[in-house]
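Participant: Below you will find the structure I want to go over with you.
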Amino acid sequence: MAELDELLEYMGEGEVVYVLLPSRRYRQSLAPILKNLANKYAKIGVTLFNTPTNKALNLLTAQEEVEEKGLFTETKSKEGFSREEVADRFFFIDCVSSGLKKPQQTRCIHLSPQTGLMGMCGELIKLVSEKKCEVILIDSPINLLEYHDRMEVVRFIHDLTTQLIEANLPCLFIYPTEGFAREIEKDVEMFADKIIETKK
């Protein structure tokens with residue numbers, strides 16, 4: 001993902017980038033993207049509509065799950081962050097697993113996508129501002145289509161993008177290629193400064 005690496009290095013204030021990832025390796029690509037952002041930004045907001053926080057934490061720390069209840073092994077690879085580093089550098093807004101207990105040593109707030117989207121939009125902006133995030137990654141808001149109709153989701157993405165730009169926050173939206181192209185590509189691609197589609 002050389003083009004993506006270069007782009008992230010030069011992302012400017014209020015810039016909106018869409019990254020389209022093949023579904024088969026969507027989650028595996030999340031950690032490298034976040035690590036790349038961490039090379040440039042001290043505090044990263046991560047809004048999850050596709051990947052539960054436990055899974056994102058697992059990918060970031062390069063740890064293996066012991067069982068399904070959020071327990072992890074204590075060892076990590078050289079490429080992974082420690083849990084303390086994750087807690088210090090990343091703030092998670094989890095819109096996937098609101099009924100589950102949040103991971104320990106992780107700064108995480110749960111929001112339910114079943115509530116009104118406009119209220120959620122305002123809450124997201126408030127949270128990333130309060131936590132002094134310097135950049136925000138939005139993990140596949142296309143999953144909101146499970147609870148809301150297409151135009152509601154398009155309006156949500158538009159309003160969220162507009163408010164992030166007004167706050168001078170660079171934002172990176174990542175989508176699985178297949179779902180994005182099938183559902184809302186033509187409706188939301190106009191909101192992005194740049195779109196990168198990775199093939200490999």
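Going by the structure tokens order, chains are called A, B, ..., each with residues numbered from 1, while ligands are numbered from 1 in the order shown.
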Excluding same-chain residues fewer than 3 positions from Leu37 (chain A), what lies within 10 Å of it counting only C-alpha atoms, as a list in words?
Facilitator: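 Final neighbour list, sorted by chain and number: Asp5, Leu8, Glu9, Met11, Ala31, Pro32, Ile33, Leu34, Lys40, Tyr41, Ala42, Lys43, Ile44, Glu134, Val135, Ile136, Leu137 and Leu172 of chain A.
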Participant: Which neighbours of Lys35 (chain A) fall inside 10 Å, counting only C-alpha atoms, when residues of the same chain fewer than 5 positions from it are skipped, and could you give them as an MDAnalysis selection string?
Facilitator: chainID A and resid 30 40:41 60 79:81
Participant: Go ahead and save the picked residues with all heavy atoms, as a PDB file, in the first residue's frame.
Facilitator:
```pdb
ATOM      1  N   LEU A  30      -6.534  -2.998   8.779  1.00  0.00           N
ATOM      2  CA  LEU A  30      -6.845  -1.939   9.736  1.00  0.00           C
ATOM      3  C   LEU A  30      -5.631  -1.563  10.586  1.00  0.00           C
ATOM      4  O   LEU A  30      -5.319  -0.380  10.753  1.00  0.00           O
ATOM      5  CB  LEU A  30      -8.006  -2.382  10.634  1.00  0.00           C
ATOM      6  CG  LEU A  30      -8.477  -1.385  11.692  1.00  0.00           C
ATOM      7  CD1 LEU A  30      -8.962  -0.100  11.041  1.00  0.00           C
ATOM      8  CD2 LEU A  30      -9.589  -1.999  12.548  1.00  0.00           C
ATOM      9  N   LYS A  40       2.399   9.758  12.496  1.00  0.00           N
ATOM     10  CA  LYS A  40       2.268  11.195  12.246  1.00  0.00           C
ATOM     11  C   LYS A  40       1.493  11.921  13.337  1.00  0.00           C
ATOM     12  O   LYS A  40       1.794  13.072  13.645  1.00  0.00           O
ATOM     13  CB  LYS A  40       1.574  11.415  10.893  1.00  0.00           C
ATOM     14  CG  LYS A  40       1.385  12.886  10.541  1.00  0.00           C
ATOM     15  CD  LYS A  40       0.796  13.073   9.159  1.00  0.00           C
ATOM     16  CE  LYS A  40       0.627  14.557   8.835  1.00  0.00           C
ATOM     17  NZ  LYS A  40       0.049  14.767   7.497  1.00  0.00           N
ATOM     18  N   TYR A  41       0.499  11.253  13.920  1.00  0.00           N
ATOM     19  CA  TYR A  41      -0.391  11.912  14.873  1.00  0.00           C
ATOM     20  C   TYR A  41      -0.234  11.318  16.272  1.00  0.00           C
ATOM     21  O   TYR A  41      -0.085  10.107  16.425  1.00  0.00           O
ATOM     22  CB  TYR A  41      -1.847  11.771  14.426  1.00  0.00           C
ATOM     23  CG  TYR A  41      -2.128  12.366  13.069  1.00  0.00           C
ATOM     24  CD1 TYR A  41      -2.177  11.557  11.934  1.00  0.00           C
ATOM     25  CD2 TYR A  41      -2.333  13.732  12.912  1.00  0.00           C
ATOM     26  CE1 TYR A  41      -2.435  12.098  10.678  1.00  0.00           C
ATOM     27  CE2 TYR A  41      -2.585  14.284  11.662  1.00  0.00           C
ATOM     28  CZ  TYR A  41      -2.633  13.459  10.548  1.00  0.00           C
ATOM     29  OH  TYR A  41      -2.881  13.999   9.310  1.00  0.00           O
ATOM     30  N   LEU A  60      -4.070  -4.397  16.755  1.00  0.00           N
ATOM     31  CA  LEU A  60      -3.068  -3.372  17.058  1.00  0.00           C
ATOM     32  C   LEU A  60      -1.938  -3.894  17.939  1.00  0.00           C
ATOM     33  O   LEU A  60      -0.786  -3.494  17.795  1.00  0.00           O
ATOM     34  CB  LEU A  60      -3.725  -2.180  17.749  1.00  0.00           C
ATOM     35  CG  LEU A  60      -4.335  -1.119  16.847  1.00  0.00           C
ATOM     36  CD1 LEU A  60      -5.105  -0.110  17.674  1.00  0.00           C
ATOM     37  CD2 LEU A  60      -3.264  -0.422  16.032  1.00  0.00           C
ATOM     38  N   GLU A  79       6.026  -5.750  16.148  1.00  0.00           N
ATOM     39  CA  GLU A  79       5.291  -4.758  15.368  1.00  0.00           C
ATOM     40  C   GLU A  79       4.096  -4.196  16.121  1.00  0.00           C
ATOM     41  O   GLU A  79       3.532  -3.189  15.741  1.00  0.00           O
ATOM     42  CB  GLU A  79       4.801  -5.380  14.051  1.00  0.00           C
ATOM     43  CG  GLU A  79       5.910  -5.727  13.067  1.00  0.00           C
ATOM     44  CD  GLU A  79       6.632  -7.008  13.441  1.00  0.00           C
ATOM     45  OE1 GLU A  79       6.043  -7.810  14.180  1.00  0.00           O
ATOM     46  OE2 GLU A  79       7.776  -7.197  13.003  1.00  0.00           O
ATOM     47  N   GLY A  80       3.677  -4.852  17.188  1.00  0.00           N
ATOM     48  CA  GLY A  80       2.464  -4.442  17.873  1.00  0.00           C
ATOM     49  C   GLY A  80       2.703  -3.371  18.925  1.00  0.00           C
ATOM     50  O   GLY A  80       3.808  -3.190  19.429  1.00  0.00           O
ATOM     51  N   PHE A  81       1.624  -2.644  19.265  1.00  0.00           N
ATOM     52  CA  PHE A  81       1.652  -1.693  20.367  1.00  0.00           C
ATOM     53  C   PHE A  81       1.401  -2.442  21.674  1.00  0.00           C
ATOM     54  O   PHE A  81       0.712  -3.461  21.692  1.00  0.00           O
ATOM     55  CB  PHE A  81       0.552  -0.640  20.203  1.00  0.00           C
ATOM     56  CG  PHE A  81       0.771   0.325  19.080  1.00  0.00           C
ATOM     57  CD1 PHE A  81       0.232   0.083  17.827  1.00  0.00           C
ATOM     58  CD2 PHE A  81       1.497   1.482  19.278  1.00  0.00           C
ATOM     59  CE1 PHE A  81       0.415   0.980  16.785  1.00  0.00           C
ATOM     60  CE2 PHE A  81       1.687   2.387  18.246  1.00  0.00           C
ATOM     61  CZ  PHE A  81       1.148   2.136  17.000  1.00  0.00           C
TER      62      PHE A  81
END
```
Participant: Excluding Leu169 (chain A) and residues on its chain fewer than 3 positions from it, collect all residues at most 6 Å away from it, counting only C-alpha atoms, and give them as a list in words.
Facilitator: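 Once the nearby chain positions are removed, what remains is Glu13, Gly14, Val135, Leu164 and Ile165 of chain A.
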Participant: For Pro52 (chain A), which residue out of A:Cys133, A:Ala192, A:Val96, A:Leu145 is the nearest one, using only C-alpha atoms?
Facilitator: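 Answer, going by the shortest atom-to-atom distance: A:Val96.
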Participant: Name all residues at most 8 Å from Asn50 (chain A) (count only C-alpha atoms; drop same-chain ones fewer than 5 positions away) and give them as JSON, numbers by chain.
Facilitator: {"A": [96, 139, 140, 141, 143]}
Participant: For the residues in the current selection, export all heavy atoms as an mmCIF file, in the first residue's frame.
Facilitator:
```
data_model
loop_
_atom_site.group_PDB
_atom_site.id
_atom_site.type_symbol
_atom_site.label_atom_id
_atom_site.label_comp_id
_atom_site.auth_asym_id
_atom_site.auth_seq_id
_atom_site.Cartn_x
_atom_site.Cartn_y
_atom_site.Cartn_z
ATOM 1 N N VAL A 96 -20.350 -0.995 17.249
ATOM 2 C CA VAL A 96 -20.598 -2.380 16.846
ATOM 3 C C VAL A 96 -21.037 -3.228 18.022
ATOM 4 O O VAL A 96 -22.047 -3.930 17.963
ATOM 5 C CB VAL A 96 -19.330 -3.014 16.219
ATOM 6 C CG1 VAL A 96 -19.613 -4.440 15.767
ATOM 7 C CG2 VAL A 96 -18.835 -2.173 15.062
ATOM 8 N N ASP A 139 -14.453 3.577 10.421
ATOM 9 C CA ASP A 139 -14.420 2.188 9.965
ATOM 10 C C ASP A 139 -15.776 1.777 9.391
ATOM 11 O O ASP A 139 -16.698 1.416 10.111
ATOM 12 C CB ASP A 139 -14.032 1.304 11.163
ATOM 13 C CG ASP A 139 -14.264 -0.182 10.930
ATOM 14 O OD1 ASP A 139 -13.960 -0.655 9.828
ATOM 15 O OD2 ASP A 139 -14.744 -0.852 11.866
ATOM 16 N N SER A 140 -15.909 1.888 8.074
ATOM 17 C CA SER A 140 -17.037 1.377 7.298
ATOM 18 C C SER A 140 -18.426 1.758 7.811
ATOM 19 O O SER A 140 -19.194 0.908 8.270
ATOM 20 C CB SER A 140 -16.957 -0.152 7.196
ATOM 21 O OG SER A 140 -17.875 -0.613 6.224
ATOM 22 N N PRO A 141 -18.799 3.040 7.701
ATOM 23 C CA PRO A 141 -20.160 3.429 8.088
ATOM 24 C C PRO A 141 -21.241 2.826 7.200
ATOM 25 O O PRO A 141 -22.426 2.966 7.487
ATOM 26 C CB PRO A 141 -20.132 4.959 7.971
ATOM 27 C CG PRO A 141 -19.024 5.254 7.023
ATOM 28 C CD PRO A 141 -17.995 4.187 7.260
ATOM 29 N N ASN A 143 -22.036 -0.047 7.210
ATOM 30 C CA ASN A 143 -22.741 -1.014 8.049
ATOM 31 C C ASN A 143 -23.997 -0.434 8.680
ATOM 32 O O ASN A 143 -24.858 -1.169 9.159
ATOM 33 C CB ASN A 143 -21.809 -1.540 9.149
ATOM 34 C CG ASN A 143 -20.871 -2.610 8.625
ATOM 35 O OD1 ASN A 143 -20.452 -2.554 7.472
ATOM 36 N ND2 ASN A 143 -20.540 -3.573 9.448
#
```
Participant: Restricting the calculation to only C-alpha atoms, which member of A:Gln163, A:Ser129, A:Thr177, A:Thr47 is positioned closest to Tyr26 (chain A)?
Facilitator: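 Among the listed residues, A:Thr177 lies closest to Tyr26 (chain A).
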Participant: Would you mind reading off the distance between CA of Ser29 (chain A) and CA of Glu185 (chain A), one decimal, in Å?
Facilitator: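 CA of Ser29 (chain A) sits 20.4 Å away from CA of Glu185 (chain A).
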Participant: Go through A:His148, A:Arg89, A:Arg83, A:Lys186 and flag the residue nearest Thr61 (chain A), using only C-alpha atoms for the distances.
Facilitator: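 Closest to Thr61 (chain A) of all the choices is A:Arg83.
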